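Next up, structure_39.cif (mmCIF, N, CA and C atoms):
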```cif
data_input
#
loop_
_atom_site.label_atom_id
_atom_site.label_comp_id
_atom_site.auth_asym_id
_atom_site.auth_seq_id
_atom_site.Cartn_x
_atom_site.Cartn_y
_atom_site.Cartn_z
N MET A 1 -24.69 -4.50 39.97
CA MET A 1 -24.02 -4.43 38.69
C MET A 1 -22.89 -3.41 38.77
N ASN A 2 -21.75 -3.71 38.11
CA ASN A 2 -20.61 -2.80 38.10
C ASN A 2 -20.93 -1.56 37.28
N LYS A 3 -20.40 -0.44 37.75
CA LYS A 3 -20.58 0.80 36.99
C LYS A 3 -19.61 0.79 35.82
N ILE A 4 -20.12 1.22 34.67
CA ILE A 4 -19.29 1.31 33.48
C ILE A 4 -18.80 2.75 33.37
N ARG A 5 -17.50 2.90 33.14
CA ARG A 5 -16.91 4.22 33.01
C ARG A 5 -16.15 4.31 31.69
N CYS A 6 -16.08 5.50 31.16
CA CYS A 6 -15.30 5.76 29.96
C CYS A 6 -13.84 5.46 30.28
N HIS A 7 -13.19 4.70 29.41
CA HIS A 7 -11.79 4.35 29.63
C HIS A 7 -10.85 5.54 29.50
N SER A 8 -11.30 6.62 28.91
CA SER A 8 -10.45 7.79 28.73
C SER A 8 -10.63 8.83 29.84
N CYS A 9 -11.87 9.26 30.07
CA CYS A 9 -12.11 10.35 31.03
C CYS A 9 -12.70 9.87 32.35
N ALA A 10 -13.06 8.60 32.44
CA ALA A 10 -13.62 7.98 33.65
C ALA A 10 -15.04 8.44 33.96
N LYS A 11 -15.68 9.12 33.03
CA LYS A 11 -17.07 9.53 33.24
C LYS A 11 -17.94 8.27 33.37
N GLU A 12 -18.85 8.29 34.33
CA GLU A 12 -19.76 7.16 34.50
C GLU A 12 -20.73 7.12 33.32
N LEU A 13 -20.95 5.92 32.81
CA LEU A 13 -21.86 5.72 31.68
C LEU A 13 -23.01 4.84 32.17
N PRO A 14 -24.09 5.47 32.62
CA PRO A 14 -25.21 4.71 33.18
C PRO A 14 -25.85 3.77 32.16
N GLU A 15 -26.59 2.83 32.67
CA GLU A 15 -27.32 1.90 31.82
C GLU A 15 -28.17 2.69 30.82
N ALA A 16 -28.22 2.23 29.60
CA ALA A 16 -28.99 2.82 28.50
C ALA A 16 -28.42 4.14 28.00
N SER A 17 -27.25 4.55 28.50
CA SER A 17 -26.64 5.79 28.01
C SER A 17 -25.84 5.50 26.74
N LEU A 18 -25.53 6.56 26.02
CA LEU A 18 -24.76 6.43 24.79
C LEU A 18 -23.31 6.14 25.13
N LYS A 19 -22.80 5.05 24.60
CA LYS A 19 -21.39 4.68 24.79
C LYS A 19 -20.90 3.96 23.55
N TYR A 20 -19.60 3.96 23.34
CA TYR A 20 -19.02 3.38 22.14
C TYR A 20 -17.95 2.36 22.52
N VAL A 21 -17.94 1.26 21.82
CA VAL A 21 -16.88 0.27 21.96
C VAL A 21 -15.93 0.50 20.79
N VAL A 22 -14.67 0.78 21.11
CA VAL A 22 -13.66 1.01 20.09
C VAL A 22 -12.65 -0.12 20.19
N LYS A 23 -12.47 -0.85 19.10
CA LYS A 23 -11.54 -1.97 19.07
C LYS A 23 -10.39 -1.59 18.13
N VAL A 24 -9.17 -1.67 18.67
CA VAL A 24 -7.98 -1.36 17.89
C VAL A 24 -7.20 -2.67 17.74
N GLU A 25 -6.85 -2.98 16.51
CA GLU A 25 -6.17 -4.24 16.22
C GLU A 25 -4.97 -3.94 15.32
N SER A 26 -3.81 -4.44 15.68
CA SER A 26 -2.64 -4.31 14.81
C SER A 26 -1.98 -5.67 14.68
N PHE A 27 -1.48 -5.95 13.49
CA PHE A 27 -0.84 -7.24 13.25
C PHE A 27 0.24 -7.08 12.20
N ALA A 28 1.24 -7.94 12.30
CA ALA A 28 2.34 -7.92 11.35
C ALA A 28 1.84 -8.37 9.98
N ASP A 29 2.34 -7.73 8.96
CA ASP A 29 1.96 -8.07 7.59
C ASP A 29 3.20 -8.63 6.89
N PHE A 30 3.03 -9.71 6.19
CA PHE A 30 4.12 -10.31 5.41
C PHE A 30 3.71 -10.30 3.95
N ASP A 31 4.53 -9.66 3.13
CA ASP A 31 4.18 -9.52 1.72
C ASP A 31 4.67 -10.68 0.85
N GLY A 32 5.27 -11.69 1.48
CA GLY A 32 5.72 -12.86 0.73
C GLY A 32 7.11 -12.72 0.16
N PHE A 33 7.74 -11.57 0.36
CA PHE A 33 9.07 -11.32 -0.19
C PHE A 33 10.11 -11.53 0.89
N LEU A 34 11.11 -12.36 0.60
CA LEU A 34 12.24 -12.55 1.49
C LEU A 34 13.50 -12.12 0.74
N GLU A 35 14.30 -11.27 1.36
CA GLU A 35 15.54 -10.83 0.73
C GLU A 35 16.50 -12.01 0.67
N ASP A 36 17.40 -11.97 -0.31
CA ASP A 36 18.46 -12.97 -0.38
C ASP A 36 19.32 -12.85 0.87
N TYR A 37 19.64 -13.98 1.46
CA TYR A 37 20.43 -13.98 2.68
C TYR A 37 21.78 -14.61 2.37
N SER A 38 22.86 -13.89 2.65
CA SER A 38 24.19 -14.37 2.28
C SER A 38 24.79 -15.31 3.33
N GLY A 39 24.25 -15.31 4.54
CA GLY A 39 24.80 -16.16 5.61
C GLY A 39 24.24 -17.56 5.58
N ASP A 40 24.59 -18.32 6.60
CA ASP A 40 24.09 -19.69 6.75
C ASP A 40 22.70 -19.62 7.39
N VAL A 41 21.69 -19.94 6.62
CA VAL A 41 20.30 -19.81 7.05
C VAL A 41 20.03 -20.69 8.27
N GLU A 42 20.47 -21.93 8.23
CA GLU A 42 20.17 -22.86 9.32
C GLU A 42 20.78 -22.39 10.64
N SER A 43 22.04 -22.00 10.64
CA SER A 43 22.66 -21.57 11.90
C SER A 43 22.06 -20.24 12.38
N SER A 44 21.66 -19.39 11.47
CA SER A 44 21.02 -18.13 11.85
C SER A 44 19.65 -18.39 12.49
N MET A 45 18.91 -19.36 11.96
CA MET A 45 17.61 -19.71 12.53
C MET A 45 17.79 -20.28 13.94
N VAL A 46 18.79 -21.14 14.13
CA VAL A 46 19.06 -21.73 15.44
C VAL A 46 19.40 -20.61 16.43
N GLU A 47 20.24 -19.66 16.00
CA GLU A 47 20.62 -18.52 16.85
C GLU A 47 19.40 -17.67 17.21
N MET A 48 18.54 -17.40 16.23
CA MET A 48 17.35 -16.61 16.47
C MET A 48 16.42 -17.31 17.47
N LEU A 49 16.24 -18.61 17.32
CA LEU A 49 15.40 -19.37 18.25
C LEU A 49 15.98 -19.36 19.67
N LYS A 50 17.32 -19.42 19.79
CA LYS A 50 17.96 -19.32 21.11
C LYS A 50 17.66 -17.96 21.73
N ASP A 51 17.78 -16.91 20.95
CA ASP A 51 17.51 -15.56 21.44
C ASP A 51 16.06 -15.41 21.87
N MET A 52 15.15 -16.04 21.14
CA MET A 52 13.73 -15.93 21.45
C MET A 52 13.39 -16.62 22.76
N LYS A 53 14.15 -17.62 23.17
CA LYS A 53 13.88 -18.32 24.44
C LYS A 53 13.98 -17.39 25.63
N ASP A 54 14.80 -16.34 25.50
CA ASP A 54 15.00 -15.40 26.60
C ASP A 54 13.96 -14.28 26.63
N ILE A 55 13.08 -14.26 25.65
CA ILE A 55 12.07 -13.20 25.56
C ILE A 55 10.73 -13.75 26.03
N ASP A 56 10.05 -12.96 26.84
CA ASP A 56 8.73 -13.32 27.36
C ASP A 56 7.76 -13.60 26.21
N GLN A 57 6.95 -14.64 26.34
CA GLN A 57 6.02 -15.04 25.28
C GLN A 57 5.05 -13.91 24.93
N LYS A 58 4.56 -13.18 25.92
CA LYS A 58 3.62 -12.09 25.64
C LYS A 58 4.28 -10.99 24.81
N THR A 59 5.55 -10.73 25.05
CA THR A 59 6.29 -9.73 24.27
C THR A 59 6.40 -10.19 22.82
N LEU A 60 6.72 -11.45 22.62
CA LEU A 60 6.82 -11.98 21.26
C LEU A 60 5.47 -11.89 20.54
N GLU A 61 4.41 -12.25 21.25
CA GLU A 61 3.07 -12.20 20.65
C GLU A 61 2.68 -10.78 20.29
N SER A 62 2.98 -9.82 21.17
CA SER A 62 2.57 -8.44 20.90
C SER A 62 3.36 -7.83 19.75
N ASP A 63 4.52 -8.38 19.42
CA ASP A 63 5.26 -7.93 18.24
C ASP A 63 4.55 -8.34 16.96
N VAL A 64 3.73 -9.39 17.04
CA VAL A 64 3.03 -9.91 15.87
C VAL A 64 1.57 -9.48 15.85
N TYR A 65 0.93 -9.45 17.01
CA TYR A 65 -0.50 -9.13 17.07
C TYR A 65 -0.80 -8.41 18.38
N HIS A 66 -1.59 -7.37 18.30
CA HIS A 66 -2.01 -6.65 19.50
C HIS A 66 -3.44 -6.16 19.31
N GLU A 67 -4.23 -6.28 20.36
CA GLU A 67 -5.62 -5.85 20.31
C GLU A 67 -5.94 -5.10 21.59
N ALA A 68 -6.69 -4.03 21.47
CA ALA A 68 -7.15 -3.27 22.63
C ALA A 68 -8.61 -2.89 22.40
N VAL A 69 -9.41 -2.99 23.46
CA VAL A 69 -10.83 -2.64 23.37
C VAL A 69 -11.12 -1.60 24.46
N PHE A 70 -11.78 -0.52 24.05
CA PHE A 70 -12.09 0.57 24.97
C PHE A 70 -13.58 0.87 24.91
N ILE A 71 -14.14 1.24 26.05
CA ILE A 71 -15.49 1.78 26.09
C ILE A 71 -15.33 3.28 26.30
N LEU A 72 -15.90 4.07 25.40
CA LEU A 72 -15.72 5.52 25.43
C LEU A 72 -17.05 6.24 25.40
N CYS A 73 -17.07 7.40 26.05
CA CYS A 73 -18.23 8.29 25.91
C CYS A 73 -18.12 8.97 24.54
N LYS A 74 -19.15 9.68 24.12
CA LYS A 74 -19.15 10.30 22.79
C LYS A 74 -18.02 11.32 22.65
N VAL A 75 -17.81 12.14 23.67
CA VAL A 75 -16.76 13.17 23.59
C VAL A 75 -15.38 12.52 23.39
N CYS A 76 -15.10 11.49 24.14
CA CYS A 76 -13.80 10.82 24.03
C CYS A 76 -13.68 10.02 22.72
N ARG A 77 -14.78 9.45 22.27
CA ARG A 77 -14.76 8.75 20.98
C ARG A 77 -14.43 9.74 19.87
N ASP A 78 -15.05 10.93 19.90
CA ASP A 78 -14.77 11.96 18.89
C ASP A 78 -13.31 12.41 18.96
N LYS A 79 -12.78 12.58 20.18
CA LYS A 79 -11.36 12.96 20.34
C LYS A 79 -10.45 11.87 19.77
N PHE A 80 -10.82 10.61 20.02
CA PHE A 80 -10.04 9.48 19.53
C PHE A 80 -9.91 9.56 18.01
N TYR A 81 -11.03 9.76 17.31
CA TYR A 81 -10.99 9.82 15.86
C TYR A 81 -10.26 11.04 15.33
N LYS A 82 -10.34 12.15 16.05
CA LYS A 82 -9.62 13.36 15.62
C LYS A 82 -8.12 13.18 15.76
N ASN A 83 -7.68 12.30 16.65
CA ASN A 83 -6.25 12.10 16.90
C ASN A 83 -5.64 10.94 16.13
N LEU A 84 -6.40 10.34 15.23
CA LEU A 84 -5.83 9.28 14.40
C LEU A 84 -4.76 9.88 13.50
N PRO A 85 -3.77 9.09 13.10
CA PRO A 85 -2.71 9.64 12.25
C PRO A 85 -3.26 10.24 10.95
N GLU A 86 -2.75 11.40 10.61
CA GLU A 86 -3.12 12.05 9.35
C GLU A 86 -2.37 11.36 8.21
N THR A 87 -3.02 11.20 7.09
CA THR A 87 -2.34 10.66 5.91
C THR A 87 -2.68 11.52 4.71
N SER A 88 -1.88 11.37 3.68
CA SER A 88 -2.16 12.11 2.46
C SER A 88 -3.03 11.28 1.51
N ILE A 89 -3.38 10.07 1.94
CA ILE A 89 -4.20 9.20 1.10
C ILE A 89 -5.64 9.70 1.12
N THR A 90 -6.23 9.81 -0.04
CA THR A 90 -7.64 10.21 -0.13
C THR A 90 -8.40 9.17 -0.93
N GLY A 91 -9.68 9.28 -0.93
CA GLY A 91 -10.51 8.35 -1.70
C GLY A 91 -10.94 7.17 -0.87
N ASP A 92 -11.15 6.06 -1.53
CA ASP A 92 -11.67 4.86 -0.87
C ASP A 92 -10.52 4.12 -0.18
N MET A 93 -10.18 4.57 1.02
CA MET A 93 -9.05 3.98 1.74
C MET A 93 -9.26 2.52 2.07
N ASP A 94 -10.47 2.13 2.47
CA ASP A 94 -10.71 0.74 2.83
C ASP A 94 -10.32 -0.20 1.69
N ARG A 95 -10.74 0.15 0.48
CA ARG A 95 -10.42 -0.71 -0.66
C ARG A 95 -8.92 -0.72 -0.93
N GLU A 96 -8.28 0.43 -0.83
CA GLU A 96 -6.84 0.51 -1.06
C GLU A 96 -6.08 -0.32 -0.03
N ILE A 97 -6.49 -0.23 1.23
CA ILE A 97 -5.80 -0.98 2.28
C ILE A 97 -6.02 -2.47 2.08
N LYS A 98 -7.23 -2.88 1.78
CA LYS A 98 -7.51 -4.30 1.58
C LYS A 98 -6.67 -4.87 0.45
N ASP A 99 -6.35 -4.07 -0.55
CA ASP A 99 -5.55 -4.55 -1.67
C ASP A 99 -4.07 -4.69 -1.31
N THR A 100 -3.63 -4.10 -0.18
CA THR A 100 -2.22 -4.19 0.18
C THR A 100 -1.95 -5.16 1.32
N ILE A 101 -2.98 -5.57 2.05
CA ILE A 101 -2.80 -6.52 3.14
C ILE A 101 -2.72 -7.92 2.57
N HIS A 102 -1.74 -8.67 3.03
CA HIS A 102 -1.51 -10.00 2.46
C HIS A 102 -1.99 -11.09 3.37
#
```

Output the file's structure as structure tokens, nothing else.
Amino acid sequence: MNKIRCHSCAKELPEASLKYVVKVESFADFDGFLEDYSGDVESSMVEMLKDMKDIDQKTLESDVYHEAVFILCKVCRDKFYKNLPETSITGDMDREIKDTIH
């Protein structure tokens, strides 16, 4: 069996030891609002699609959706949470965020 190591510090995590799976997911959010566009929409769309042909598919996908999964020891998991972005939002953040995601 392969040895499992912490993705952050590389500490070996033996079978039955305490370890954490941390999944980070980010995705583009669209609020349904499109600004008025003064140019020719059809020709602009054709131009945008031409430009996209030159961009690697994985790059395009990661601009819209990205996921990362890490196995961490307790020390690194705690460091991970301590280093999350600070916000001034307090209270029930989960409910507030769910109300803004479209």

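Taken over the whole file, the PyMOL selection byres ((chain A and resi 22) around 7) covers exactly Tyr20, Val21, Lys23, Val24, Ala68, Val69, Phe70, Ile71 and Leu72 of chain A.
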
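Atom pair atom CA of Leu60 of chain A / atom CA of Ser44 of chain A has a distance of 18.1 Å (rounded to one decimal).
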
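Atom CA of Asp29 of chain A sits 28.8 Å away from atom C of His7 of chain A.
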
Box centre and edge lengths (Å, one decimal), axis-aligned, segment 34-46 of chain A plus 4 Å each side, as lines of an AutoDock Vina configuration file:
```
center_x = 18.0
center_y = -16.8
center_z = 8.0
size_x = 21.7
size_y = 20.0
size_z = 24.8
```

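The interatomic distance for the pair atom C of Ser38 of chain A and atom N of Asp51 of chain A works out to 19.0 Å.
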
If the PyMOL selection byres (((chain A and resi 28 and name CA) around 12) and name CA) were run on this exact file, what residues would it hold? Put them as a PyMOL selection string. chain A and resi 25-27+29-31+60-66+101-102

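For the set A:Cys73, A:Glu42, A:Asp78, A:Glu47, the residue with the smallest atom-to-atom gap to Arg5 of chain A is A:Cys73, counting only N, CA and C atoms.
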
To test your reading of the structure, identify every residue in chain A that backbone DSSP assigns to helix (DSSP H, G or I), and report it as a compact mmCIF listing (two decimals) with N, CA and C atoms, in the coordinates of the input.
```
# COMPACT_ATOMS: atom_id res chain seq x y z
N VAL A 41 21.69 -19.94 6.62
CA VAL A 41 20.30 -19.81 7.05
C VAL A 41 20.03 -20.69 8.27
N GLU A 42 20.47 -21.93 8.23
CA GLU A 42 20.17 -22.86 9.32
C GLU A 42 20.78 -22.39 10.64
N SER A 43 22.04 -22.00 10.64
CA SER A 43 22.66 -21.57 11.90
C SER A 43 22.06 -20.24 12.38
N SER A 44 21.66 -19.39 11.47
CA SER A 44 21.02 -18.13 11.85
C SER A 44 19.65 -18.39 12.49
N MET A 45 18.91 -19.36 11.96
CA MET A 45 17.61 -19.71 12.53
C MET A 45 17.79 -20.28 13.94
N VAL A 46 18.79 -21.14 14.13
CA VAL A 46 19.06 -21.73 15.44
C VAL A 46 19.40 -20.61 16.43
N GLU A 47 20.24 -19.66 16.00
CA GLU A 47 20.62 -18.52 16.85
C GLU A 47 19.40 -17.67 17.21
N MET A 48 18.54 -17.40 16.23
CA MET A 48 17.35 -16.61 16.47
C MET A 48 16.42 -17.31 17.47
N LEU A 49 16.24 -18.61 17.32
CA LEU A 49 15.40 -19.37 18.25
C LEU A 49 15.98 -19.36 19.67
N LYS A 50 17.32 -19.42 19.79
CA LYS A 50 17.96 -19.32 21.11
C LYS A 50 17.66 -17.96 21.73
N ASP A 51 17.78 -16.91 20.95
CA ASP A 51 17.51 -15.56 21.44
C ASP A 51 16.06 -15.41 21.87
N MET A 52 15.15 -16.04 21.14
CA MET A 52 13.73 -15.93 21.45
C MET A 52 13.39 -16.62 22.76
N LYS A 53 14.15 -17.62 23.17
CA LYS A 53 13.88 -18.32 24.44
C LYS A 53 13.98 -17.39 25.63
N GLN A 57 6.95 -14.64 26.34
CA GLN A 57 6.02 -15.04 25.28
C GLN A 57 5.05 -13.91 24.93
N LYS A 58 4.56 -13.18 25.92
CA LYS A 58 3.62 -12.09 25.64
C LYS A 58 4.28 -10.99 24.81
N THR A 59 5.55 -10.73 25.05
CA THR A 59 6.29 -9.73 24.27
C THR A 59 6.40 -10.19 22.82
N LEU A 60 6.72 -11.45 22.62
CA LEU A 60 6.82 -11.98 21.26
C LEU A 60 5.47 -11.89 20.54
N GLU A 61 4.41 -12.25 21.25
CA GLU A 61 3.07 -12.20 20.65
C GLU A 61 2.68 -10.78 20.29
N SER A 62 2.98 -9.82 21.17
CA SER A 62 2.57 -8.44 20.90
C SER A 62 3.36 -7.83 19.75
N ASP A 63 4.52 -8.38 19.42
CA ASP A 63 5.26 -7.93 18.24
C ASP A 63 4.55 -8.34 16.96
N VAL A 64 3.73 -9.39 17.04
CA VAL A 64 3.03 -9.91 15.87
C VAL A 64 1.57 -9.48 15.85
N LYS A 74 -19.15 9.68 24.12
CA LYS A 74 -19.15 10.30 22.79
C LYS A 74 -18.02 11.32 22.65
N VAL A 75 -17.81 12.14 23.67
CA VAL A 75 -16.76 13.17 23.59
C VAL A 75 -15.38 12.52 23.39
N CYS A 76 -15.10 11.49 24.14
CA CYS A 76 -13.80 10.82 24.03
C CYS A 76 -13.68 10.02 22.72
N ARG A 77 -14.78 9.45 22.27
CA ARG A 77 -14.76 8.75 20.98
C ARG A 77 -14.43 9.74 19.87
N ASP A 78 -15.05 10.93 19.90
CA ASP A 78 -14.77 11.96 18.89
C ASP A 78 -13.31 12.41 18.96
N LYS A 79 -12.78 12.58 20.18
CA LYS A 79 -11.36 12.96 20.34
C LYS A 79 -10.45 11.87 19.77
N PHE A 80 -10.82 10.61 20.02
CA PHE A 80 -10.04 9.48 19.53
C PHE A 80 -9.91 9.56 18.01
N TYR A 81 -11.03 9.76 17.31
CA TYR A 81 -10.99 9.82 15.86
C TYR A 81 -10.26 11.04 15.33
N LYS A 82 -10.34 12.15 16.05
CA LYS A 82 -9.62 13.36 15.62
C LYS A 82 -8.12 13.18 15.76
N MET A 93 -10.18 4.57 1.02
CA MET A 93 -9.05 3.98 1.74
C MET A 93 -9.26 2.52 2.07
N ASP A 94 -10.47 2.13 2.47
CA ASP A 94 -10.71 0.74 2.83
C ASP A 94 -10.32 -0.20 1.69
N ARG A 95 -10.74 0.15 0.48
CA ARG A 95 -10.42 -0.71 -0.66
C ARG A 95 -8.92 -0.72 -0.93
N GLU A 96 -8.28 0.43 -0.83
CA GLU A 96 -6.84 0.51 -1.06
C GLU A 96 -6.08 -0.32 -0.03
N ILE A 97 -6.49 -0.23 1.23
CA ILE A 97 -5.80 -0.98 2.28
C ILE A 97 -6.02 -2.47 2.08
N LYS A 98 -7.23 -2.88 1.78
CA LYS A 98 -7.51 -4.30 1.58
C LYS A 98 -6.67 -4.87 0.45
N ASP A 99 -6.35 -4.07 -0.55
CA ASP A 99 -5.55 -4.55 -1.67
C ASP A 99 -4.07 -4.69 -1.31
N THR A 100 -3.63 -4.10 -0.18
CA THR A 100 -2.22 -4.19 0.18
C THR A 100 -1.95 -5.16 1.32
```

Mind checking DSSP for segment 4-57 of chain A and telling me the strand (DSSP E) residues as JSON, numbers by chain? {"A": [20, 21, 22, 23, 24, 25, 26, 27]}

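The nearest approach to Arg77 of chain A among the residues A:Ser8, A:Tyr37, A:Lys3, A:Ile55, with only N, CA and C atoms taken into account, belongs to A:Ser8.
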
Which residue gives the smallest distance to Leu18 of chain A among A:Leu34, A:Lys74, A:Met45, A:Tyr81, with all atoms listed in the file counted? A:Lys74
